[in-house]
$ cat my_file_9.cif   # mmCIF, C-alpha atoms and all ligand atoms; chains and numbers go by the auth columns
data_run
#
loop_
_atom_site.group_PDB
_atom_site.id
_atom_site.type_symbol
_atom_site.label_atom_id
_atom_site.label_comp_id
_atom_site.label_asym_id
_atom_site.label_seq_id
_atom_site.Cartn_x
_atom_site.Cartn_y
_atom_site.Cartn_z
_atom_site.B_iso_or_equiv
_atom_site.auth_seq_id
_atom_site.auth_asym_id
ATOM 1 C CA MET A 1 -3.203 -22.581 -22.545 0.00 331 A
ATOM 2 C CA SER A 2 -6.678 -22.733 -21.098 0.00 332 A
ATOM 3 C CA MET A 3 -8.076 -25.686 -19.195 0.00 333 A
ATOM 4 C CA ARG A 4 -10.752 -27.955 -20.540 0.00 334 A
ATOM 5 C CA PHE A 5 -14.138 -28.470 -18.982 0.00 335 A
ATOM 6 C CA SER A 6 -16.743 -30.979 -20.132 0.00 336 A
ATOM 7 C CA ASP A 7 -19.062 -30.209 -23.046 0.00 337 A
ATOM 8 C CA GLU A 8 -21.901 -29.970 -20.548 0.00 338 A
ATOM 9 C CA PHE A 9 -20.070 -27.278 -18.636 0.00 339 A
ATOM 10 C CA GLU A 10 -19.344 -25.380 -21.837 0.00 340 A
ATOM 11 C CA GLN A 11 -22.982 -25.539 -22.824 0.00 341 A
ATOM 12 C CA ARG A 12 -24.112 -24.198 -19.461 0.00 342 A
ATOM 13 C CA PHE A 13 -21.463 -21.531 -19.573 0.00 343 A
ATOM 14 C CA ALA A 14 -22.599 -20.402 -23.011 0.00 344 A
ATOM 15 C CA GLU A 15 -26.220 -20.316 -21.858 0.00 345 A
ATOM 16 C CA MET A 16 -25.321 -18.201 -18.859 0.00 346 A
ATOM 17 C CA GLY A 17 -23.840 -15.650 -21.177 0.00 347 A
ATOM 18 C CA THR A 18 -27.302 -15.076 -22.587 0.00 348 A
ATOM 19 C CA HIS A 19 -29.183 -15.150 -19.243 0.00 349 A
ATOM 20 C CA TYR A 20 -27.124 -12.867 -17.078 0.00 350 A
ATOM 21 C CA PRO A 21 -26.977 -9.114 -17.654 0.00 351 A
ATOM 22 C CA THR A 22 -23.265 -8.836 -16.810 0.00 352 A
ATOM 23 C CA LYS A 23 -20.392 -11.264 -16.822 0.00 353 A
ATOM 24 C CA ARG A 24 -19.905 -10.681 -13.118 0.00 354 A
ATOM 25 C CA SER A 25 -23.407 -11.913 -12.282 0.00 355 A
ATOM 26 C CA ALA A 26 -22.568 -15.247 -13.902 0.00 356 A
ATOM 27 C CA LEU A 27 -19.650 -15.717 -11.511 0.00 357 A
ATOM 28 C CA VAL A 28 -21.291 -17.632 -8.643 0.00 358 A
ATOM 29 C CA PRO A 29 -23.225 -20.081 -10.847 0.00 359 A
ATOM 30 C CA THR A 30 -20.106 -20.628 -12.953 0.00 360 A
ATOM 31 C CA LEU A 31 -18.069 -21.373 -9.840 0.00 361 A
ATOM 32 C CA LEU A 32 -20.707 -23.836 -8.636 0.00 362 A
ATOM 33 C CA TYR A 33 -20.726 -25.705 -11.934 0.00 363 A
ATOM 34 C CA ALA A 34 -16.933 -25.767 -12.028 0.00 364 A
ATOM 35 C CA GLN A 35 -16.785 -27.061 -8.462 0.00 365 A
ATOM 36 C CA ASP A 36 -19.306 -29.793 -9.232 0.00 366 A
ATOM 37 C CA GLU A 37 -17.150 -30.840 -12.121 0.00 367 A
ATOM 38 C CA VAL A 38 -13.639 -30.572 -10.694 0.00 368 A
ATOM 39 C CA GLY A 39 -14.479 -31.218 -7.028 0.00 369 A
ATOM 40 C CA TYR A 40 -13.014 -27.939 -5.788 0.00 370 A
ATOM 41 C CA LEU A 41 -11.850 -24.587 -7.092 0.00 371 A
ATOM 42 C CA SER A 42 -8.198 -25.208 -7.860 0.00 372 A
ATOM 43 C CA ASP A 43 -5.778 -22.405 -8.780 0.00 373 A
ATOM 44 C CA GLU A 44 -6.192 -23.438 -12.379 0.00 374 A
ATOM 45 C CA VAL A 45 -9.977 -23.135 -12.212 0.00 375 A
ATOM 46 C CA VAL A 46 -9.771 -19.707 -10.555 0.00 376 A
ATOM 47 C CA THR A 47 -7.401 -18.423 -13.244 0.00 377 A
ATOM 48 C CA GLU A 48 -9.559 -19.811 -16.023 0.00 378 A
ATOM 49 C CA ILE A 49 -12.829 -18.394 -14.726 0.00 379 A
ATOM 50 C CA ALA A 50 -11.335 -15.002 -13.919 0.00 380 A
ATOM 51 C CA GLY A 51 -10.037 -14.838 -17.484 0.00 381 A
ATOM 52 C CA ARG A 52 -13.326 -15.856 -19.042 0.00 382 A
ATOM 53 C CA LEU A 53 -15.376 -13.379 -17.039 0.00 383 A
ATOM 54 C CA GLU A 54 -12.826 -10.572 -17.298 0.00 384 A
ATOM 55 C CA LEU A 55 -12.371 -10.321 -13.526 0.00 385 A
ATOM 56 C CA THR A 56 -9.215 -10.339 -11.452 0.00 386 A
ATOM 57 C CA GLU A 57 -8.264 -13.494 -9.587 0.00 387 A
ATOM 58 C CA LEU A 58 -8.586 -11.508 -6.388 0.00 388 A
ATOM 59 C CA ASP A 59 -12.216 -10.664 -7.249 0.00 389 A
ATOM 60 C CA VAL A 60 -12.921 -14.335 -7.790 0.00 390 A
ATOM 61 C CA ARG A 61 -11.175 -15.398 -4.566 0.00 391 A
ATOM 62 C CA ASN A 62 -13.075 -12.800 -2.560 0.00 392 A
ATOM 63 C CA VAL A 63 -16.363 -14.197 -3.809 0.00 393 A
ATOM 64 C CA ILE A 64 -15.256 -17.762 -3.077 0.00 394 A
ATOM 65 C CA SER A 65 -14.396 -16.875 0.512 0.00 395 A
ATOM 66 C CA TYR A 66 -17.825 -15.290 0.949 0.00 396 A
ATOM 67 C CA TYR A 67 -19.808 -18.425 0.085 0.00 397 A
ATOM 68 C CA SER A 68 -19.373 -21.352 2.437 0.00 398 A
ATOM 69 C CA MET A 69 -20.377 -23.871 -0.234 0.00 399 A
ATOM 70 C CA LEU A 70 -17.459 -22.831 -2.410 0.00 400 A
ATOM 71 C CA THR A 71 -14.058 -24.256 -1.586 0.00 401 A
ATOM 72 C CA THR A 72 -10.491 -23.930 -2.863 0.00 402 A
ATOM 73 C CA GLU A 73 -9.402 -27.089 -1.067 0.00 403 A
ATOM 74 C CA PRO A 74 -9.929 -30.641 -2.287 0.00 404 A
ATOM 75 C CA ARG A 75 -12.846 -32.261 -0.512 0.00 405 A
ATOM 76 C CA GLY A 76 -13.544 -35.813 0.491 0.00 406 A
ATOM 77 C CA LYS A 77 -16.008 -38.035 -1.301 0.00 407 A
ATOM 78 C CA TYR A 78 -18.483 -37.383 1.499 0.00 408 A
ATOM 79 C CA ASN A 79 -18.802 -33.804 2.673 0.00 409 A
ATOM 80 C CA VAL A 80 -20.174 -33.957 6.210 0.00 410 A
ATOM 81 C CA GLN A 81 -21.810 -30.592 6.826 0.00 411 A
ATOM 82 C CA VAL A 82 -22.710 -30.136 10.462 0.00 412 A
ATOM 83 C CA CYS A 83 -25.131 -27.339 11.308 0.00 413 A
ATOM 84 C CA THR A 84 -24.328 -25.391 14.465 0.00 414 A
ATOM 85 C CA ASN A 85 -26.852 -22.586 14.016 0.00 415 A
ATOM 86 C CA ILE A 86 -29.180 -21.786 16.870 0.00 416 A
ATOM 87 C CA SER A 87 -31.813 -24.584 16.598 0.00 417 A
ATOM 88 C CA CYS A 88 -29.142 -27.201 16.148 0.00 418 A
ATOM 89 C CA MET A 89 -26.827 -25.641 18.697 0.00 419 A
ATOM 90 C CA VAL A 90 -29.378 -25.820 21.512 0.00 420 A
ATOM 91 C CA ARG A 91 -30.044 -29.456 20.639 0.00 421 A
ATOM 92 C CA GLY A 92 -26.440 -30.619 20.599 0.00 422 A
ATOM 93 C CA GLY A 93 -25.085 -29.564 17.200 0.00 423 A
ATOM 94 C CA GLU A 94 -21.723 -28.613 18.696 0.00 424 A
ATOM 95 C CA GLU A 95 -21.468 -32.042 20.256 0.00 425 A
ATOM 96 C CA ILE A 96 -22.190 -33.664 16.890 0.00 426 A
ATOM 97 C CA LEU A 97 -19.490 -31.540 15.255 0.00 427 A
ATOM 98 C CA LYS A 98 -16.978 -32.448 17.941 0.00 428 A
ATOM 99 C CA PHE A 99 -17.905 -36.100 17.610 0.00 429 A
ATOM 100 C CA CYS A 100 -17.399 -36.110 13.815 0.00 430 A
ATOM 101 C CA LYS A 101 -14.035 -34.373 14.059 0.00 431 A
ATOM 102 C CA LYS A 102 -12.815 -36.720 16.743 0.00 432 A
ATOM 103 C CA LYS A 103 -14.068 -39.892 15.107 0.00 433 A
ATOM 104 C CA LEU A 104 -12.610 -38.965 11.739 0.00 434 A
ATOM 105 C CA GLY A 105 -9.450 -37.362 13.133 0.00 435 A
ATOM 106 C CA VAL A 106 -10.093 -34.084 11.352 0.00 436 A
ATOM 107 C CA ALA A 107 -8.783 -31.114 13.322 0.00 437 A
ATOM 108 C CA LYS A 108 -9.568 -28.062 11.248 0.00 438 A
ATOM 109 C CA ASN A 109 -12.784 -26.863 9.670 0.00 439 A
ATOM 110 C CA LYS A 110 -13.228 -28.247 6.129 0.00 440 A
ATOM 111 C CA GLY A 111 -10.440 -30.707 6.882 0.00 441 A
ATOM 112 C CA THR A 112 -10.349 -34.006 4.996 0.00 442 A
ATOM 113 C CA THR A 113 -9.413 -37.509 6.132 0.00 443 A
ATOM 114 C CA PRO A 114 -6.123 -38.845 4.667 0.00 444 A
ATOM 115 C CA ASP A 115 -8.036 -41.525 2.699 0.00 445 A
ATOM 116 C CA GLY A 116 -10.023 -38.766 0.973 0.00 446 A
ATOM 117 C CA LEU A 117 -13.326 -40.228 2.108 0.00 447 A
ATOM 118 C CA PHE A 118 -14.679 -37.558 4.477 0.00 448 A
ATOM 119 C CA THR A 119 -14.525 -33.796 4.850 0.00 449 A
ATOM 120 C CA VAL A 120 -16.019 -32.217 7.964 0.00 450 A
ATOM 121 C CA GLU A 121 -17.469 -28.772 7.630 0.00 451 A
ATOM 122 C CA GLU A 122 -19.332 -26.564 10.094 0.00 452 A
ATOM 123 C CA VAL A 123 -22.219 -24.879 8.297 0.00 453 A
ATOM 124 C CA GLU A 124 -25.016 -22.370 8.805 0.00 454 A
ATOM 125 C CA CYS A 125 -28.691 -23.423 8.937 0.00 455 A
ATOM 126 C CA ILE A 126 -29.498 -26.088 6.341 0.00 456 A
ATOM 127 C CA GLY A 127 -33.265 -25.649 6.733 0.00 457 A
ATOM 128 C CA ALA A 128 -33.879 -28.721 8.864 0.00 458 A
ATOM 129 C CA CYS A 129 -34.367 -26.810 12.134 0.00 459 A
ATOM 130 C CA SER A 130 -37.510 -28.763 13.099 0.00 460 A
ATOM 131 C CA TRP A 131 -35.448 -31.936 13.146 0.00 461 A
ATOM 132 C CA ALA A 132 -32.380 -30.503 14.842 0.00 462 A
ATOM 133 C CA PRO A 133 -29.614 -31.311 15.219 0.00 463 A
ATOM 134 C CA ALA A 134 -29.151 -31.934 11.537 0.00 464 A
ATOM 135 C CA VAL A 135 -26.291 -32.869 9.241 0.00 465 A
ATOM 136 C CA GLN A 136 -26.122 -32.861 5.468 0.00 466 A
ATOM 137 C CA VAL A 137 -23.805 -35.318 3.727 0.00 467 A
ATOM 138 C CA ASN A 138 -23.510 -34.337 0.061 0.00 468 A
ATOM 139 C CA TYR A 139 -27.222 -34.124 -0.856 0.00 469 A
ATOM 140 C CA ASP A 140 -28.584 -36.348 1.934 0.00 470 A
ATOM 141 C CA PHE A 141 -29.999 -35.099 5.225 0.00 471 A
ATOM 142 C CA HIS A 142 -29.637 -36.829 8.598 0.00 472 A
ATOM 143 C CA GLU A 143 -31.778 -35.521 11.426 0.00 473 A
ATOM 144 C CA ASN A 144 -32.512 -35.729 15.161 0.00 474 A
ATOM 145 C CA LEU A 145 -28.944 -36.848 15.629 0.00 475 A
ATOM 146 C CA THR A 146 -27.127 -38.054 18.693 0.00 476 A
ATOM 147 C CA PRO A 147 -23.435 -39.017 18.705 0.00 477 A
ATOM 148 C CA GLU A 148 -24.543 -42.677 18.566 0.00 478 A
ATOM 149 C CA LYS A 149 -26.729 -42.095 15.523 0.00 479 A
ATOM 150 C CA MET A 150 -24.010 -40.011 13.891 0.00 480 A
ATOM 151 C CA ASP A 151 -21.582 -42.848 14.453 0.00 481 A
ATOM 152 C CA GLU A 152 -23.907 -45.195 12.564 0.00 482 A
ATOM 153 C CA VAL A 153 -24.347 -42.691 9.736 0.00 483 A
ATOM 154 C CA LEU A 154 -20.589 -42.341 9.265 0.00 484 A
ATOM 155 C CA GLU A 155 -20.087 -46.102 9.425 0.00 485 A
ATOM 156 C CA GLN A 156 -22.679 -46.573 6.704 0.00 486 A
ATOM 157 C CA TYR A 157 -20.832 -44.227 4.386 0.00 487 A
ATOM 158 C CA ARG A 158 -17.543 -45.864 5.223 0.00 488 A
ATOM 159 C CA ARG A 159 -18.935 -49.306 4.415 0.00 489 A
ATOM 160 C CA HIS A 160 -20.227 -47.964 1.154 0.00 490 A
ATOM 161 C CA GLY A 161 -16.728 -46.672 0.426 0.00 491 A
HETATM 162 S S1 LIG B . -30.413 -24.345 12.644 0.00 501 B
HETATM 163 FE FE1 LIG B . -29.653 -26.236 12.012 0.00 501 B
HETATM 164 S S2 LIG B . -30.917 -26.735 10.376 0.00 501 B
HETATM 165 FE FE2 LIG B . -31.603 -24.791 10.925 0.00 501 B
#
$ encode --input "my_file_9.cif" --output "structure tokens"
Amino acid sequence: MSMRFSDEFEQRFAEMGTHYPTKRSALVPTLLYAQDEVGYLSDEVVTEIAGRLELTELDVRNVISYYSMLTTEPRGKYNVQVCTNISCMVRGGEEILKFCKKKLGVAKNKGTTPDGLFTVEEVECIGACSWAPAVQVNYDFHENLTPEKMDEVLEQYRRHG
């Protein structure tokens, strides 16, 4: 039995079949769409996509582990992506990361709070170097951060629920 995606996903998937020269080249965009829809790349999703694109599950998992934006673990509602690349690092990015982990009680990278609200992830440059240190939460950017400012940012999301 194969799993069901939304009609929108199926439409995109069908379109990709016409745009990409090989099935393999449709893999990353397909994974991104699936992740947007399901929230993460569950075992079921991996099996389904491997089958559709005629790849092995190992092929698919190797690609997933290569791209930091792809994840096989459930993520929180707010994905707090802390940049620790050079511009952010020299301006306190590591401190921001440590602060987020401590405040939220998340020990490991890409770990999620028990209430499912926050995931904390260390990421490569997010293109906001001029305003370092920077953090991206889902699609929103927060810049020129200090632990105090970061505290406020997290509280805002928490209040929002
Ligand atoms: S190094 Fe952090 S945004 Fe570029």
$ atom_distance --input "my_file_9.cif" --atom1 "CA of Asp337 (chain A)" --atom2 "CA of Glu384 (chain A)"
21.4 Å
$ residues_near_ligand --input "my_file_9.cif" --ligand "ligand LIG 501 (chain B)" --cutoff "10 Å" --atoms "all atoms listed in the file" --output "MDAnalysis selection string"
chainID A and resid 412:421 423 453:466 471 473
$ resolve_selection --input "my_file_9.cif" --expression "the PyMOL selection byres (((chain A and resi 334) around 12) and not hetatm)" --output "ChimeraX atom specification"
/A:331-333,335-340,364,367-368,374-375,378-379
$ closest_residue --input "my_file_9.cif" --among "A:Lys428, A:Phe343, A:Lys438, A:Asp373" --to "Pro477 (chain A)" --atoms "all atoms listed in the file"
A:Lys428
$ residues_near_point --input "my_file_9.cif" --point "(-20.3, -19.5, -14.3)" --cutoff "9 Å" --atoms "only C-alpha atoms" --output "PDB file with C-alpha atoms, in the frame of the given file"
ATOM      1  CA  PHE A 339     -20.070 -27.278 -18.636  1.00  0.00           C
ATOM      2  CA  ARG A 342     -24.112 -24.198 -19.461  1.00  0.00           C
ATOM      3  CA  PHE A 343     -21.463 -21.531 -19.573  1.00  0.00           C
ATOM      4  CA  MET A 346     -25.321 -18.201 -18.859  1.00  0.00           C
ATOM      5  CA  GLY A 347     -23.840 -15.650 -21.177  1.00  0.00           C
ATOM      6  CA  LYS A 353     -20.392 -11.264 -16.822  1.00  0.00           C
ATOM      7  CA  ARG A 354     -19.905 -10.681 -13.118  1.00  0.00           C
ATOM      8  CA  SER A 355     -23.407 -11.913 -12.282  1.00  0.00           C
ATOM      9  CA  ALA A 356     -22.568 -15.247 -13.902  1.00  0.00           C
ATOM     10  CA  LEU A 357     -19.650 -15.717 -11.511  1.00  0.00           C
ATOM     11  CA  VAL A 358     -21.291 -17.632  -8.643  1.00  0.00           C
ATOM     12  CA  PRO A 359     -23.225 -20.081 -10.847  1.00  0.00           C
ATOM     13  CA  THR A 360     -20.106 -20.628 -12.953  1.00  0.00           C
ATOM     14  CA  LEU A 361     -18.069 -21.373  -9.840  1.00  0.00           C
ATOM     15  CA  LEU A 362     -20.707 -23.836  -8.636  1.00  0.00           C
ATOM     16  CA  TYR A 363     -20.726 -25.705 -11.934  1.00  0.00           C
ATOM     17  CA  ALA A 364     -16.933 -25.767 -12.028  1.00  0.00           C
ATOM     18  CA  ILE A 379     -12.829 -18.394 -14.726  1.00  0.00           C
ATOM     19  CA  LEU A 383     -15.376 -13.379 -17.039  1.00  0.00           C
TER      20      LEU A 383
END
$ residues_around --input "my_file_9.cif" --residues "Leu484 (chain A)" --least-positions-apart "3" --cutoff "12 Å" --atoms "only C-alpha atoms" --output "PDB file with C-alpha atoms, in the frame of the given file"
ATOM      1  CA  TYR A 408     -18.483 -37.383   1.499  1.00  0.00           C
ATOM      2  CA  ASN A 409     -18.802 -33.804   2.673  1.00  0.00           C
ATOM      3  CA  VAL A 410     -20.174 -33.957   6.210  1.00  0.00           C
ATOM      4  CA  ILE A 426     -22.190 -33.664  16.890  1.00  0.00           C
ATOM      5  CA  PHE A 429     -17.905 -36.100  17.610  1.00  0.00           C
ATOM      6  CA  CYS A 430     -17.399 -36.110  13.815  1.00  0.00           C
ATOM      7  CA  LYS A 431     -14.035 -34.373  14.059  1.00  0.00           C
ATOM      8  CA  LYS A 433     -14.068 -39.892  15.107  1.00  0.00           C
ATOM      9  CA  LEU A 434     -12.610 -38.965  11.739  1.00  0.00           C
ATOM     10  CA  LEU A 447     -13.326 -40.228   2.108  1.00  0.00           C
ATOM     11  CA  PHE A 448     -14.679 -37.558   4.477  1.00  0.00           C
ATOM     12  CA  THR A 449     -14.525 -33.796   4.850  1.00  0.00           C
ATOM     13  CA  VAL A 450     -16.019 -32.217   7.964  1.00  0.00           C
ATOM     14  CA  VAL A 465     -26.291 -32.869   9.241  1.00  0.00           C
ATOM     15  CA  GLN A 466     -26.122 -32.861   5.468  1.00  0.00           C
ATOM     16  CA  VAL A 467     -23.805 -35.318   3.727  1.00  0.00           C
ATOM     17  CA  HIS A 472     -29.637 -36.829   8.598  1.00  0.00           C
ATOM     18  CA  LEU A 475     -28.944 -36.848  15.629  1.00  0.00           C
ATOM     19  CA  PRO A 477     -23.435 -39.017  18.705  1.00  0.00           C
ATOM     20  CA  GLU A 478     -24.543 -42.677  18.566  1.00  0.00           C
ATOM     21  CA  LYS A 479     -26.729 -42.095  15.523  1.00  0.00           C
ATOM     22  CA  MET A 480     -24.010 -40.011  13.891  1.00  0.00           C
ATOM     23  CA  ASP A 481     -21.582 -42.848  14.453  1.00  0.00           C
ATOM     24  CA  TYR A 487     -20.832 -44.227   4.386  1.00  0.00           C
ATOM     25  CA  ARG A 488     -17.543 -45.864   5.223  1.00  0.00           C
ATOM     26  CA  ARG A 489     -18.935 -49.306   4.415  1.00  0.00           C
ATOM     27  CA  HIS A 490     -20.227 -47.964   1.154  1.00  0.00           C
ATOM     28  CA  GLY A 491     -16.728 -46.672   0.426  1.00  0.00           C
TER      29      GLY A 491
END
$ resolve_selection --input "my_file_9.cif" --expression "the PyMOL selection byres (((chain A and resi 404) around 9) and not hetatm)" --output "number ranges by chain"
A: 369-372, 401-403, 405-406, 442, 446
$ atom_distance --input "my_file_9.cif" --atom1 "CA of Val436 (chain A)" --atom2 "CA of Glu451 (chain A)"
9.8 Å
$ atom_distance --input "my_file_9.cif" --atom1 "CA of Gly441 (chain A)" --atom2 "CA of Met399 (chain A)"
14.0 Å
$ closest_residue --input "my_file_9.cif" --among "A:Gly435, A:Leu400, A:Glu452, A:Gln486" --to "Gln365 (chain A)" --atoms "all atoms listed in the file"
A:Leu400
$ build_atoms --input "my_file_9.cif" --residues "region 407-437 of chain A" --atoms "N, CA and C atoms" --output "PDB file, keeping the file's coordinate frame"
ATOM      1  N   LYS A 407     -14.877 -37.519  -0.532  1.00  0.00           N
ATOM      2  CA  LYS A 407     -16.008 -38.035  -1.301  1.00  0.00           C
ATOM      3  C   LYS A 407     -17.322 -37.680  -0.599  1.00  0.00           C
ATOM      4  N   TYR A 408     -17.300 -37.749   0.726  1.00  0.00           N
ATOM      5  CA  TYR A 408     -18.483 -37.383   1.499  1.00  0.00           C
ATOM      6  C   TYR A 408     -18.203 -36.099   2.275  1.00  0.00           C
ATOM      7  N   ASN A 409     -18.983 -35.077   1.985  1.00  0.00           N
ATOM      8  CA  ASN A 409     -18.802 -33.804   2.673  1.00  0.00           C
ATOM      9  C   ASN A 409     -19.805 -33.729   3.820  1.00  0.00           C
ATOM     10  N   VAL A 410     -19.312 -33.911   5.032  1.00  0.00           N
ATOM     11  CA  VAL A 410     -20.174 -33.957   6.210  1.00  0.00           C
ATOM     12  C   VAL A 410     -20.366 -32.534   6.724  1.00  0.00           C
ATOM     13  N   GLN A 411     -21.548 -31.986   6.463  1.00  0.00           N
ATOM     14  CA  GLN A 411     -21.810 -30.592   6.826  1.00  0.00           C
ATOM     15  C   GLN A 411     -22.669 -30.543   8.079  1.00  0.00           C
ATOM     16  N   VAL A 412     -22.033 -30.123   9.169  1.00  0.00           N
ATOM     17  CA  VAL A 412     -22.710 -30.136  10.462  1.00  0.00           C
ATOM     18  C   VAL A 412     -23.226 -28.742  10.783  1.00  0.00           C
ATOM     19  N   CYS A 413     -24.536 -28.643  10.993  1.00  0.00           N
ATOM     20  CA  CYS A 413     -25.131 -27.339  11.308  1.00  0.00           C
ATOM     21  C   CYS A 413     -24.955 -27.022  12.790  1.00  0.00           C
ATOM     22  N   THR A 414     -24.453 -25.811  13.058  1.00  0.00           N
ATOM     23  CA  THR A 414     -24.328 -25.391  14.465  1.00  0.00           C
ATOM     24  C   THR A 414     -25.057 -24.074  14.684  1.00  0.00           C
ATOM     25  N   ASN A 415     -26.026 -23.780  13.813  1.00  0.00           N
ATOM     26  CA  ASN A 415     -26.852 -22.586  14.016  1.00  0.00           C
ATOM     27  C   ASN A 415     -27.774 -22.835  15.213  1.00  0.00           C
ATOM     28  N   ILE A 416     -28.511 -21.790  15.576  1.00  0.00           N
ATOM     29  CA  ILE A 416     -29.180 -21.786  16.870  1.00  0.00           C
ATOM     30  C   ILE A 416     -30.025 -23.024  17.186  1.00  0.00           C
ATOM     31  N   SER A 417     -30.941 -23.438  16.279  1.00  0.00           N
ATOM     32  CA  SER A 417     -31.813 -24.584  16.598  1.00  0.00           C
ATOM     33  C   SER A 417     -31.003 -25.846  16.813  1.00  0.00           C
ATOM     34  N   CYS A 418     -29.985 -26.013  16.002  1.00  0.00           N
ATOM     35  CA  CYS A 418     -29.142 -27.201  16.148  1.00  0.00           C
ATOM     36  C   CYS A 418     -28.231 -27.075  17.358  1.00  0.00           C
ATOM     37  N   MET A 419     -27.731 -25.856  17.578  1.00  0.00           N
ATOM     38  CA  MET A 419     -26.827 -25.641  18.697  1.00  0.00           C
ATOM     39  C   MET A 419     -27.483 -26.012  20.019  1.00  0.00           C
ATOM     40  N   VAL A 420     -28.722 -25.538  20.225  1.00  0.00           N
ATOM     41  CA  VAL A 420     -29.378 -25.820  21.512  1.00  0.00           C
ATOM     42  C   VAL A 420     -29.751 -27.291  21.652  1.00  0.00           C
ATOM     43  N   ARG A 421     -29.718 -28.031  20.556  1.00  0.00           N
ATOM     44  CA  ARG A 421     -30.044 -29.456  20.639  1.00  0.00           C
ATOM     45  C   ARG A 421     -28.817 -30.350  20.422  1.00  0.00           C
ATOM     46  N   GLY A 422     -27.650 -29.771  20.602  1.00  0.00           N
ATOM     47  CA  GLY A 422     -26.440 -30.619  20.599  1.00  0.00           C
ATOM     48  C   GLY A 422     -25.625 -30.612  19.314  1.00  0.00           C
ATOM     49  N   GLY A 423     -25.836 -29.640  18.462  1.00  0.00           N
ATOM     50  CA  GLY A 423     -25.085 -29.564  17.200  1.00  0.00           C
ATOM     51  C   GLY A 423     -23.578 -29.500  17.405  1.00  0.00           C
ATOM     52  N   GLU A 424     -23.168 -28.744  18.417  1.00  0.00           N
ATOM     53  CA  GLU A 424     -21.723 -28.613  18.696  1.00  0.00           C
ATOM     54  C   GLU A 424     -21.125 -29.968  19.061  1.00  0.00           C
ATOM     55  N   GLU A 425     -21.922 -30.716  19.820  1.00  0.00           N
ATOM     56  CA  GLU A 425     -21.468 -32.042  20.256  1.00  0.00           C
ATOM     57  C   GLU A 425     -21.317 -32.970  19.040  1.00  0.00           C
ATOM     58  N   ILE A 426     -22.259 -32.846  18.112  1.00  0.00           N
ATOM     59  CA  ILE A 426     -22.190 -33.664  16.890  1.00  0.00           C
ATOM     60  C   ILE A 426     -20.932 -33.299  16.093  1.00  0.00           C
ATOM     61  N   LEU A 427     -20.674 -31.996  15.998  1.00  0.00           N
ATOM     62  CA  LEU A 427     -19.490 -31.540  15.255  1.00  0.00           C
ATOM     63  C   LEU A 427     -18.219 -32.094  15.897  1.00  0.00           C
ATOM     64  N   LYS A 428     -18.159 -31.963  17.214  1.00  0.00           N
ATOM     65  CA  LYS A 428     -16.978 -32.448  17.941  1.00  0.00           C
ATOM     66  C   LYS A 428     -16.811 -33.952  17.737  1.00  0.00           C
ATOM     67  N   PHE A 429     -17.940 -34.650  17.795  1.00  0.00           N
ATOM     68  CA  PHE A 429     -17.905 -36.100  17.610  1.00  0.00           C
ATOM     69  C   PHE A 429     -17.333 -36.464  16.235  1.00  0.00           C
ATOM     70  N   CYS A 430     -17.852 -35.806  15.197  1.00  0.00           N
ATOM     71  CA  CYS A 430     -17.399 -36.110  13.815  1.00  0.00           C
ATOM     72  C   CYS A 430     -15.907 -35.858  13.667  1.00  0.00           C
ATOM     73  N   LYS A 431     -15.449 -34.719  14.189  1.00  0.00           N
ATOM     74  CA  LYS A 431     -14.035 -34.373  14.059  1.00  0.00           C
ATOM     75  C   LYS A 431     -13.165 -35.399  14.773  1.00  0.00           C
ATOM     76  N   LYS A 432     -13.609 -35.783  15.964  1.00  0.00           N
ATOM     77  CA  LYS A 432     -12.815 -36.720  16.743  1.00  0.00           C
ATOM     78  C   LYS A 432     -12.797 -38.093  16.076  1.00  0.00           C
ATOM     79  N   LYS A 433     -13.978 -38.558  15.713  1.00  0.00           N
ATOM     80  CA  LYS A 433     -14.068 -39.892  15.107  1.00  0.00           C
ATOM     81  C   LYS A 433     -13.238 -39.977  13.823  1.00  0.00           C
ATOM     82  N   LEU A 434     -13.296 -38.922  13.030  1.00  0.00           N
ATOM     83  CA  LEU A 434     -12.610 -38.965  11.739  1.00  0.00           C
ATOM     84  C   LEU A 434     -11.176 -38.424  11.813  1.00  0.00           C
ATOM     85  N   GLY A 435     -10.803 -37.881  12.971  1.00  0.00           N
ATOM     86  CA  GLY A 435      -9.450 -37.362  13.133  1.00  0.00           C
ATOM     87  C   GLY A 435      -9.201 -36.125  12.278  1.00  0.00           C
ATOM     88  N   VAL A 436     -10.224 -35.309  12.146  1.00  0.00           N
ATOM     89  CA  VAL A 436     -10.093 -34.084  11.352  1.00  0.00           C
ATOM     90  C   VAL A 436     -10.045 -32.901  12.322  1.00  0.00           C
ATOM     91  N   ALA A 437      -8.934 -32.173  12.325  1.00  0.00           N
ATOM     92  CA  ALA A 437      -8.783 -31.114  13.322  1.00  0.00           C
ATOM     93  C   ALA A 437      -9.377 -29.789  12.866  1.00  0.00           C
TER      94      ALA A 437
END
